[in-house]
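Visitor: Structure provided below as structure tokens; questions to follow.
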Amino acid sequence: MAKVPTAAVAASGLVGGYAVARWTKKRPLGGVALAAAGTVAAYEWNRQAGPRAATALTTAYVAAFAGSHPLAKKLGAWPAVFTVAGTIAAASWAVTRRAA
């Protein structure tokens with residue numbers, strides 16, 4: 001089975017969560033998508049890099065979600081989401097790459 005990089009899972013969770021919430025007009029449904037991807041990413045971060053890295057990256061994932069809201073007021077919604085998704089993807093790649 002092909003391994004999906006955790007950077008892609010985490011970024012997809014942020015982008016996908018926002019997309020689901022926006023297009024369905026049901027914010028809780030977007031939260032489910034965000035949480036599901038975050039859970040998969042956290043599990044893989046723990047497996048690949050250990051509990052300390054997983055805790056740090058999960059905290060960053062939640063902070064990115066929260067930070068996208070004020071950032072959206074300055075950049076717009078989609079640019080803010082893509083900015084935080086790219087940041088989390090880069091952090092995930094950097095941490096899991098070193099652990100491999």
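Residue names in the structure tokens use chain letters A, B, ... in the order shown, residue numbers from 1 in each chain, and ligand numbers from 1 in the order shown.
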Give me the residues within 9 Å of Val84 (chain A) as an NGL selection string, counting only C-alpha atoms and dropping any in the same chain fewer than 5 places off.

Guide: :A and (11 or 14 or 61 or 64-65 or 67-68 or 79 or 89)

Visitor: Determine, counting only C-alpha atoms, which protein, DNA and RNA residues have an atom within 8 Å of an atom of region 30-33 of chain A; residues of the same chain fewer than 4 positions away are not included. Present the result as a list of chain:residue names.

Guide: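 Once the adjacent positions are removed, what remains is A:Gly13, A:Gly16, A:Gly17, A:Tyr18, A:Ala19, A:Val20, A:Ala21, A:Arg22, A:Lys26, A:Ala37.
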
Visitor: Between CA of Ala7 (chain A) and CA of Ala49 (chain A), what is the distance, to one decimal in Å?

Guide: 12.9 Å

Visitor: Pick the closest to Thr59 (chain A) from A:Ala91, A:Val81, A:Val15, A:Leu29: which is it, counting only C-alpha atoms?

Guide: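 Among A:Ala91, A:Val81, A:Val15, A:Leu29, it is A:Ala91 that comes nearest to Thr59 (chain A).
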